[in-house]
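File shown: upload_32.cif (mmCIF, C-alpha atoms).
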```
data_entry
loop_
_atom_site.label_atom_id
_atom_site.label_comp_id
_atom_site.auth_asym_id
_atom_site.auth_seq_id
_atom_site.Cartn_x
_atom_site.Cartn_y
_atom_site.Cartn_z
CA MET Q 1 -6.46 -60.43 -15.96
CA VAL Q 2 -7.68 -57.05 -14.76
CA GLU Q 3 -10.75 -55.83 -16.65
CA SER Q 4 -9.73 -53.32 -19.30
CA ASN Q 5 -11.24 -49.88 -19.67
CA SER Q 6 -11.61 -47.47 -22.56
CA LYS Q 7 -8.91 -45.10 -21.35
CA ARG Q 8 -5.49 -45.09 -22.98
CA GLN Q 9 -2.86 -44.62 -20.31
CA LEU Q 10 0.89 -44.05 -20.53
CA VAL Q 11 3.41 -43.52 -17.74
CA ILE Q 12 6.43 -41.89 -19.38
CA ILE Q 13 9.41 -41.59 -17.02
CA GLY Q 14 12.48 -39.38 -17.41
CA GLY Q 15 14.80 -42.06 -16.01
CA ALA Q 16 16.49 -42.69 -12.65
CA GLU Q 17 13.14 -43.16 -10.92
CA ASP Q 18 13.12 -44.06 -7.22
CA LYS Q 19 13.08 -47.85 -6.76
CA GLU Q 20 14.06 -48.11 -3.09
CA GLY Q 21 11.92 -45.61 -1.16
CA ASP Q 22 8.28 -44.69 -1.63
CA SER Q 23 8.72 -45.33 -5.37
CA GLN Q 24 6.00 -42.81 -6.17
CA ILE Q 25 6.16 -43.16 -9.95
CA LEU Q 26 6.38 -46.95 -10.09
CA ARG Q 27 3.68 -47.09 -7.42
CA GLU Q 28 1.39 -45.03 -9.66
CA PHE Q 29 2.08 -47.38 -12.57
CA VAL Q 30 1.18 -50.43 -10.47
CA ARG Q 31 -1.96 -48.71 -9.16
CA ARG Q 32 -3.14 -47.85 -12.68
CA ALA Q 33 -2.31 -51.34 -13.93
CA GLY Q 34 -4.63 -52.94 -11.40
CA GLY Q 35 -2.97 -52.59 -7.99
CA THR Q 36 -2.61 -55.89 -6.14
CA LYS Q 37 -4.29 -57.64 -9.09
CA ALA Q 38 -1.89 -56.16 -11.64
CA ASN Q 39 -0.40 -58.48 -14.23
CA ILE Q 40 2.82 -56.78 -15.34
CA VAL Q 41 5.16 -57.62 -18.21
CA ILE Q 42 8.66 -56.11 -18.16
CA MET Q 43 10.09 -55.53 -21.64
CA THR Q 44 13.90 -55.63 -21.52
CA ALA Q 45 14.73 -55.17 -25.22
CA ALA Q 46 16.58 -51.90 -24.51
CA THR Q 47 19.18 -53.35 -22.16
CA GLU Q 48 22.13 -55.69 -22.63
CA LEU Q 49 21.58 -56.91 -19.05
CA PRO Q 50 17.98 -58.12 -19.33
CA ARG Q 51 17.98 -60.54 -16.40
CA GLU Q 52 19.65 -58.15 -13.96
CA VAL Q 53 17.52 -55.16 -14.95
CA GLY Q 54 14.31 -57.17 -15.19
CA GLU Q 55 14.73 -58.82 -11.80
CA ASN Q 56 15.34 -55.43 -10.20
CA TYR Q 57 11.92 -54.27 -11.45
CA ILE Q 58 10.31 -57.56 -10.42
CA ARG Q 59 11.45 -56.89 -6.84
CA VAL Q 60 9.99 -53.37 -6.90
CA PHE Q 61 6.65 -54.31 -8.43
CA GLU Q 62 6.21 -57.30 -6.13
CA ARG Q 63 7.08 -55.15 -3.10
CA LEU Q 64 4.33 -52.78 -4.20
CA GLY Q 65 1.90 -55.70 -4.30
CA ALA Q 66 1.54 -56.63 -7.97
CA GLU Q 67 0.07 -60.11 -8.21
CA ASN Q 68 1.97 -61.36 -11.24
CA VAL Q 69 5.19 -59.95 -12.74
CA ARG Q 70 7.30 -61.50 -15.48
CA ILE Q 71 10.07 -60.57 -17.89
CA VAL Q 72 9.71 -60.74 -21.66
CA ASP Q 73 13.25 -60.68 -23.03
CA THR Q 74 13.69 -60.27 -26.77
CA GLU Q 75 17.31 -60.36 -27.90
CA THR Q 76 16.46 -60.72 -31.60
CA ARG Q 77 13.53 -60.06 -33.91
CA ASP Q 78 12.89 -63.81 -34.01
CA ASP Q 79 12.14 -63.65 -30.28
CA ALA Q 80 9.42 -61.09 -31.06
CA SER Q 81 7.22 -63.89 -32.41
CA SER Q 82 7.50 -66.11 -29.33
CA SER Q 83 4.14 -67.66 -28.46
CA THR Q 84 5.03 -67.54 -24.76
CA ALA Q 85 5.81 -63.83 -24.93
CA LEU Q 86 2.66 -63.11 -26.95
CA LYS Q 87 0.52 -64.93 -24.40
CA ALA Q 88 2.10 -62.97 -21.54
CA ILE Q 89 1.38 -59.69 -23.31
CA SER Q 90 -2.19 -60.67 -24.16
CA ASN Q 91 -2.84 -61.15 -20.41
CA ALA Q 92 -0.96 -58.06 -19.23
CA SER Q 93 -2.65 -55.15 -17.50
CA GLY Q 94 0.63 -53.21 -17.44
CA ILE Q 95 3.59 -53.31 -19.85
CA PHE Q 96 6.85 -51.66 -18.76
CA PHE Q 97 9.80 -50.80 -21.04
CA THR Q 98 13.13 -50.54 -19.20
CA GLY Q 99 15.97 -48.15 -19.94
CA GLY Q 100 19.01 -48.87 -22.10
CA ASP Q 101 19.28 -48.03 -25.79
CA GLN Q 102 16.07 -46.94 -27.50
CA ALA Q 103 17.37 -48.03 -30.89
CA ARG Q 104 17.47 -51.62 -29.60
CA ILE Q 105 13.76 -51.45 -28.78
CA THR Q 106 12.70 -50.37 -32.24
CA SER Q 107 15.19 -52.53 -34.14
CA ILE Q 108 14.01 -55.64 -32.29
CA LEU Q 109 10.30 -54.96 -31.77
CA LYS Q 110 9.04 -52.45 -34.37
CA ASP Q 111 6.51 -54.02 -36.80
CA THR Q 112 6.65 -57.46 -35.18
CA ASP Q 113 3.97 -59.69 -33.66
CA ILE Q 114 4.87 -58.41 -30.20
CA ASP Q 115 4.56 -54.80 -31.39
CA ALA Q 116 1.05 -55.54 -32.68
CA ALA Q 117 0.12 -57.36 -29.47
CA ILE Q 118 1.29 -54.48 -27.26
CA HIS Q 119 -0.67 -51.93 -29.29
CA LYS Q 120 -3.74 -54.18 -29.10
CA ARG Q 121 -3.50 -54.37 -25.29
CA TYR Q 122 -2.94 -50.60 -25.13
CA ALA Q 123 -6.14 -50.01 -27.11
CA GLU Q 124 -7.95 -52.41 -24.77
CA GLY Q 125 -6.86 -50.50 -21.66
CA ALA Q 126 -3.51 -51.92 -20.55
CA VAL Q 127 -1.16 -49.27 -19.13
CA ILE Q 128 2.07 -48.77 -21.08
CA ALA Q 129 5.07 -47.37 -19.20
CA GLY Q 130 8.68 -46.70 -20.06
CA THR Q 131 11.71 -45.15 -18.40
CA SER Q 132 14.67 -43.43 -20.07
CA ALA Q 133 15.06 -45.30 -23.39
CA GLY Q 134 11.61 -46.75 -22.73
CA ALA Q 135 10.29 -43.18 -22.60
CA ALA Q 136 12.09 -42.07 -25.76
CA VAL Q 137 10.28 -44.68 -27.90
CA MET Q 138 6.76 -43.55 -26.96
CA PRO Q 139 6.21 -41.15 -29.94
CA ASP Q 140 5.99 -42.19 -33.58
CA LYS Q 141 9.28 -40.33 -34.21
CA MET Q 142 11.96 -40.50 -31.53
CA ILE Q 143 15.34 -39.06 -30.70
CA VAL Q 144 17.78 -41.90 -31.38
CA GLU Q 145 20.78 -40.00 -30.04
CA GLY Q 146 22.16 -36.49 -29.87
CA ASP Q 147 24.38 -34.00 -28.12
CA SER Q 148 23.45 -32.61 -24.73
CA GLN Q 149 24.26 -29.16 -23.31
CA THR Q 150 24.45 -27.49 -26.71
CA ASN Q 151 22.61 -24.87 -28.70
CA PRO Q 152 20.11 -26.09 -31.31
CA ARG Q 153 21.68 -27.24 -34.60
CA ILE Q 154 20.61 -29.66 -37.31
CA GLU Q 155 23.49 -32.00 -36.44
CA THR Q 156 22.53 -32.07 -32.74
CA VAL Q 157 20.08 -34.97 -33.06
CA GLU Q 158 19.45 -38.13 -35.00
CA MET Q 159 15.79 -39.04 -35.41
CA GLY Q 160 14.21 -42.41 -36.13
CA PRO Q 161 10.90 -44.29 -35.91
CA GLY Q 162 9.43 -44.77 -32.44
CA MET Q 163 6.78 -47.20 -31.19
CA GLY Q 164 3.89 -44.80 -31.81
CA PHE Q 165 1.99 -44.81 -28.52
CA LEU Q 166 1.89 -40.99 -28.40
CA PRO Q 167 2.16 -39.72 -31.99
CA GLY Q 168 2.86 -36.18 -33.09
CA VAL Q 169 5.23 -35.26 -30.26
CA VAL Q 170 8.91 -35.57 -29.38
CA ILE Q 171 10.09 -36.79 -25.97
CA ASP Q 172 13.48 -36.37 -24.32
CA GLN Q 173 14.52 -37.76 -20.94
CA HIS Q 174 17.12 -37.02 -18.20
CA PHE Q 175 16.19 -33.53 -19.33
CA SER Q 176 17.43 -30.86 -16.93
CA GLN Q 177 20.15 -33.14 -15.54
CA ARG Q 178 21.81 -33.39 -18.98
CA GLY Q 179 20.91 -29.95 -20.37
CA ARG Q 180 18.88 -31.23 -23.32
CA LEU Q 181 16.76 -28.20 -24.25
CA GLY Q 182 18.89 -27.53 -27.33
CA ARG Q 183 18.49 -31.01 -28.74
CA LEU Q 184 14.74 -31.10 -28.00
CA ILE Q 185 14.24 -27.86 -29.95
CA SER Q 186 16.41 -29.23 -32.76
CA ALA Q 187 14.27 -32.37 -32.92
CA LEU Q 188 11.04 -30.35 -32.96
CA VAL Q 189 12.19 -28.19 -35.86
CA LEU Q 190 13.61 -31.06 -37.87
CA GLU Q 191 10.73 -33.48 -37.48
CA PRO Q 192 8.64 -31.28 -37.28
CA ALA Q 193 6.38 -31.92 -34.31
CA VAL Q 194 4.07 -29.48 -32.57
CA LEU Q 195 4.93 -30.44 -28.99
CA GLY Q 196 8.19 -31.44 -27.34
CA PHE Q 197 8.34 -32.87 -23.82
CA GLY Q 198 11.53 -32.90 -21.74
CA ILE Q 199 11.15 -35.07 -18.65
CA ASP Q 200 13.48 -34.73 -15.66
CA GLU Q 201 14.85 -37.71 -13.76
CA ASN Q 202 12.57 -39.29 -11.12
CA THR Q 203 9.70 -37.49 -12.85
CA ALA Q 204 6.94 -38.78 -15.10
CA MET Q 205 4.19 -37.50 -17.34
CA VAL Q 206 1.13 -39.69 -16.89
CA VAL Q 207 -1.06 -39.57 -19.99
CA THR Q 208 -4.75 -40.45 -19.74
CA ASP Q 209 -6.38 -40.12 -23.15
CA THR Q 210 -5.58 -36.46 -23.99
CA GLN Q 211 -4.58 -35.18 -20.54
CA ILE Q 212 -1.13 -35.26 -18.97
CA GLU Q 213 -0.37 -35.10 -15.24
CA VAL Q 214 3.15 -34.51 -13.92
CA ILE Q 215 4.31 -36.56 -10.93
CA GLY Q 216 7.69 -36.83 -9.22
CA GLU Q 217 10.43 -34.60 -7.88
CA GLY Q 218 11.40 -32.71 -11.04
CA ALA Q 219 9.46 -31.08 -13.86
CA VAL Q 220 8.30 -31.61 -17.42
CA THR Q 221 9.41 -28.92 -19.87
CA ILE Q 222 7.01 -28.44 -22.78
CA VAL Q 223 7.98 -26.63 -25.98
CA ASP Q 224 4.96 -25.78 -28.15
CA GLU Q 225 5.83 -24.68 -31.67
CA SER Q 226 2.25 -24.63 -32.97
CA GLU Q 227 2.32 -20.84 -33.17
CA ALA Q 228 6.01 -20.41 -34.01
CA THR Q 229 6.47 -17.57 -36.45
CA TYR Q 230 9.86 -18.42 -37.92
CA ASN Q 231 12.71 -20.90 -38.13
CA ASN Q 232 15.77 -20.85 -40.35
CA VAL Q 233 16.11 -24.58 -41.00
CA SER Q 234 15.84 -24.14 -44.78
CA GLU Q 235 18.59 -21.53 -44.82
CA ILE Q 236 21.45 -23.10 -42.87
CA LEU Q 237 24.03 -25.86 -43.08
CA LYS Q 238 23.85 -28.70 -40.57
CA ASP Q 239 26.55 -27.35 -38.23
CA GLU Q 240 25.09 -23.83 -38.10
CA PRO Q 241 22.83 -22.58 -35.26
CA LEU Q 242 19.07 -22.98 -35.55
CA ALA Q 243 16.76 -20.04 -34.92
CA ILE Q 244 13.15 -20.43 -33.82
CA CYS Q 245 10.82 -17.54 -32.98
CA GLY Q 246 7.41 -17.44 -31.36
CA ALA Q 247 7.43 -20.89 -29.74
CA LYS Q 248 5.93 -21.32 -26.26
CA LEU Q 249 7.59 -22.77 -23.18
CA HIS Q 250 5.87 -24.34 -20.17
CA ILE Q 251 7.64 -25.84 -17.15
CA LEU Q 252 5.29 -28.00 -15.07
CA PRO Q 253 6.23 -29.60 -11.73
CA HIS Q 254 4.38 -32.24 -9.71
CA GLY Q 255 0.60 -31.82 -9.65
CA PHE Q 256 0.31 -29.70 -12.80
CA LYS Q 257 -1.49 -30.99 -15.87
CA PHE Q 258 -1.52 -30.33 -19.60
CA ASP Q 259 -4.30 -30.77 -22.15
CA LEU Q 260 -3.04 -32.22 -25.42
CA LYS Q 261 -6.10 -31.06 -27.37
CA THR Q 262 -6.05 -27.41 -26.33
CA ARG Q 263 -2.27 -27.38 -25.72
CA GLN Q 264 -2.92 -25.51 -22.47
CA PRO Q 265 -1.41 -26.11 -19.02
CA ILE Q 266 -3.80 -26.81 -16.16
CA LEU Q 267 -2.65 -25.40 -12.83
CA SER Q 268 -2.52 -27.43 -9.64
CA ASN Q 269 -5.76 -25.74 -8.52
CA GLY Q 270 -7.51 -26.95 -11.67
CA SER Q 271 -7.66 -23.63 -13.53
CA VAL Q 272 -6.42 -23.29 -17.09
CA ALA Q 273 -3.30 -21.19 -17.64
CA ASN Q 274 -3.59 -19.15 -20.82
CA VAL Q 275 -0.39 -17.18 -20.42
CA SER Q 276 2.94 -18.69 -21.44
CA VAL Q 277 6.52 -17.61 -21.93
CA GLY Q 278 7.75 -17.19 -25.51
CA VAL Q 279 11.01 -18.72 -26.72
CA GLY Q 280 12.79 -16.74 -29.39
#
```
As structure tokens, what does this structure read like?
Amino acid sequence: MVESNSKRQLVIIGGAEDKEGDSQILREFVRRAGGTKANIVIMTAATELPREVGENYIRVFERLGAENVRIVDTETRDDASSSTALKAISNASGIFFTGGDQARITSILKDTDIDAAIHKRYAEGAVIAGTSAGAAVMPDKMIVEGDSQTNPRIETVEMGPGMGFLPGVVIDQHFSQRGRLGRLISALVLEPAVLGFGIDENTAMVVTDTQIEVIGEGAVTIVDESEATYNNVSEILKDEPLAICGAKLHILPHGFKFDLKTRQPILSNGSVANVSVGVG
């Protein structure tokens, strides 16, 4: 097992990441999980095709040089107490959640022995990664489902408990490809959360303690409502349009960073950006 460190690291992927070429995002995950000595567990709870999806990732991670890669498939909550699975997780330096249906992840794993074991390894320094549905579950409150390409409304999203690796935020994936700004804003207002992150396909936000770095071909859209001056959520019915005033918007491509403590973008040259665009 790779020696753990004190840093908490997440690789949160917007889906449809490159698996055939340079595989920049998955390569970064393997590197952070220990490189050629990485011991990776693939969590397939989200998908109804666990063997097919899991073996696809095994091929990628082994091509990139990971020493040991295995699938932990949990079809039911009973499987989440498997001694074999718990042992694999206890030895893992990297734990990867595949795409599929995020509600399957939480319904099968939330508040189980495996859930506790994964959080323990995360605290010890194992890198946690997830793509698509695996990205959606990273906060403590997640978007279960919702309409894309629509204006913000209460009925746009359904929220539910997430896995709690990055609390106090909301994450949406396939972001610009599916026009999900409206549902991200709806989720932020309804939850409420201070920060919303929309991650494009083949793009990831890599979280190290309280700093985020964007990698990949798209961008991460950040909506910061910490200084929002108004919303009308208490005044409308669920099918009526939401209003939000005074929120901030940041769009960060590859190489840009974001500080979760100060809620400030960090430019690619390392300087702090203190000017942002207002939404509303």
With the PyMOL selection byres ((chain Q and resi 81) around 12) as the selection, what would be picked from this file? Answer as number ranges by chain, please.
Q: 72-80, 82-87, 89, 108-117
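Of the residues under consideration (Q:Asn91, Q:Gly35, Q:Thr221, Q:Ser234), Q:Asn91 shows the shortest atom-to-atom contact distance to Ala126 of chain Q when counting only C-alpha atoms.
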So that I can see what lies close to Lys257 of chain Q, please list as a ChimeraX atom specification the residues with an atom at most 8 Å from it, counting all atoms listed in the file and leaving out residues fewer than 3 positions away in the same chain.
/Q:211-214,252,265-268
Among the residues Q:Ala123, Q:Met163, Q:Val157, Q:Ala88, the one that comes closest to Arg180 of chain Q [using all atoms listed in the file]:
Q:Val157
Can you list every residue of segment 4-62 of chain Q that has an atom at most 12 Å from segment 101-106 of chain Q, with its nearest atom pair and the distance in Å to one decimal, using all atoms listed in the file, ordered by chain then number, as a Markdown table?
```
| residue | atom | partner | partner_atom | distance |
| --- | --- | --- | --- | --- |
| Q:Met43 | CA | Q:Ile105 | CA | 9.0 |
| Q:Thr44 | CA | Q:Ile105 | CA | 8.4 |
| Q:Ala45 | CA | Q:Ile105 | CA | 5.2 |
| Q:Ala46 | CA | Q:Asp101 | CA | 4.9 |
| Q:Thr47 | CA | Q:Asp101 | CA | 6.4 |
| Q:Glu48 | CA | Q:Asp101 | CA | 8.8 |
| Q:Leu49 | CA | Q:Asp101 | CA | 11.4 |
```
Given the file shown, determine the residues that the PyMOL selection byres ((chain Q and resi 98) around 8) selects; report them as a PyMOL selection string.
chain Q and resi 42-47+53-54+96-97+99-100+130-134
Coordinates of box centre and edge lengths for segment 124-131 of chain Q, 3 Å on every side, axis-aligned, as lines of an AutoDock Vina configuration file:
```
center_x = 1.9
center_y = -48.8
center_z = -21.6
size_x = 25.7
size_y = 13.3
size_z = 12.4
```
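Comparing Q:Tyr230, Q:Phe61, Q:Phe175, Q:Phe256 by their smallest distance to Asn269 of chain Q, the closest is Q:Phe256 (using all atoms listed in the file).
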So which one's closest to Leu195 of chain Q, Q:Val169, Q:Val137, Q:Val60, Q:Ile13? Using only C-alpha atoms, please.
Q:Val169
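Separating atom CA of Thr208 of chain Q from atom CA of Asp172 of chain Q is a distance of 19.2 Å.
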Name every residue that the PyMOL selection byres ((chain Q and resi 170) around 10) selects in this structure, writing the answer as JSON, numbers by chain with chains first and numbers rising.
{"Q": [136, 137, 138, 139, 140, 141, 142, 143, 159, 162, 166, 167, 168, 169, 171, 172, 184, 185, 187, 188, 191, 192, 193, 194, 195, 196, 197, 198, 222, 223]}
With a distance cut-off of 9 Å and only C-alpha atoms, select the neighbouring residues of Gln264 of chain Q, excluding the residue or stretch itself and same-chain residues fewer than 3 positions from it, and output the selection as an MDAnalysis selection string.
chainID Q and resid 257:261 272:275
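The gap separating atom CA of Tyr122 of chain Q from atom CA of Arg8 of chain Q is 6.4 Å, in Å to one decimal.
Atom CA of Ser148 of chain Q is found 16.3 Å from atom CA of Lys238 of chain Q.
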Selection: 6 Å around Gly94 of chain Q, all atoms listed in the file, excl. self and same-chain fewer than 5 positions, as JSON, numbers by chain:
{"Q": [33, 40, 126, 127, 128]}
Suppose we keep C-alpha atoms; can you now write the selection as a PDB file, in the frame of the given file?
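Once written, out_24.pdb looks like this:
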```
ATOM      1  CA  ALA Q  33      -2.310 -51.340 -13.930  1.00  0.00           C
ATOM      2  CA  ILE Q  40       2.820 -56.780 -15.340  1.00  0.00           C
ATOM      3  CA  ALA Q 126      -3.510 -51.920 -20.550  1.00  0.00           C
ATOM      4  CA  VAL Q 127      -1.160 -49.270 -19.130  1.00  0.00           C
ATOM      5  CA  ILE Q 128       2.070 -48.770 -21.080  1.00  0.00           C
TER       6      ILE Q 128
END
```
Mind checking which residues fall within 9 Å of Asn68 of chain Q, counting only C-alpha atoms, ignoring those fewer than 5 positions away in the same chain, and posting them as an mmCIF file with C-alpha atoms, keeping the file's coordinate frame?
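Below you can see around-v3.cif, which holds the result:
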```
data_model
loop_
_atom_site.group_PDB
_atom_site.id
_atom_site.type_symbol
_atom_site.label_atom_id
_atom_site.label_comp_id
_atom_site.auth_asym_id
_atom_site.auth_seq_id
_atom_site.Cartn_x
_atom_site.Cartn_y
_atom_site.Cartn_z
ATOM 1 C CA THR Q 36 -2.610 -55.890 -6.140
ATOM 2 C CA LYS Q 37 -4.290 -57.640 -9.090
ATOM 3 C CA ALA Q 38 -1.890 -56.160 -11.640
ATOM 4 C CA ASN Q 39 -0.400 -58.480 -14.230
ATOM 5 C CA ILE Q 40 2.820 -56.780 -15.340
ATOM 6 C CA VAL Q 41 5.160 -57.620 -18.210
ATOM 7 C CA PHE Q 61 6.650 -54.310 -8.430
ATOM 8 C CA GLU Q 62 6.210 -57.300 -6.130
#
```
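Residues surrounding Ser23 of chain Q within 12 Å are Ala16, Glu17, Phe29, Val30, Arg31, Tyr57, Arg59, Val60, Phe61, Arg63, Leu64, Asn202, Thr203, Ala204, Ile215, Gly216 and Glu217 of chain Q [only C-alpha atoms; sequence separation below 6 positions excluded].
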Same residues, C-alpha atoms, output as a compact mmCIF listing (two decimals), in the frame of the given file:
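Result written to part20.txt:
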```txt
# COMPACT_ATOMS: atom_id res chain seq x y z
CA ALA Q 16 16.49 -42.69 -12.65
CA GLU Q 17 13.14 -43.16 -10.92
CA PHE Q 29 2.08 -47.38 -12.57
CA VAL Q 30 1.18 -50.43 -10.47
CA ARG Q 31 -1.96 -48.71 -9.16
CA TYR Q 57 11.92 -54.27 -11.45
CA ARG Q 59 11.45 -56.89 -6.84
CA VAL Q 60 9.99 -53.37 -6.90
CA PHE Q 61 6.65 -54.31 -8.43
CA ARG Q 63 7.08 -55.15 -3.10
CA LEU Q 64 4.33 -52.78 -4.20
CA ASN Q 202 12.57 -39.29 -11.12
CA THR Q 203 9.70 -37.49 -12.85
CA ALA Q 204 6.94 -38.78 -15.10
CA ILE Q 215 4.31 -36.56 -10.93
CA GLY Q 216 7.69 -36.83 -9.22
CA GLU Q 217 10.43 -34.60 -7.88
```
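The shortest atom-to-atom distance to Pro152 of chain Q, with all atoms listed in the file taken into account, belongs to Q:Glu240 out of Q:Glu240, Q:Glu20, Q:Asp224, Q:Asp200.
Comparing Q:Val206, Q:Glu227, Q:Thr150, Q:Ile251 by their smallest distance to Leu181 of chain Q, the closest is Q:Thr150 (using all atoms listed in the file).
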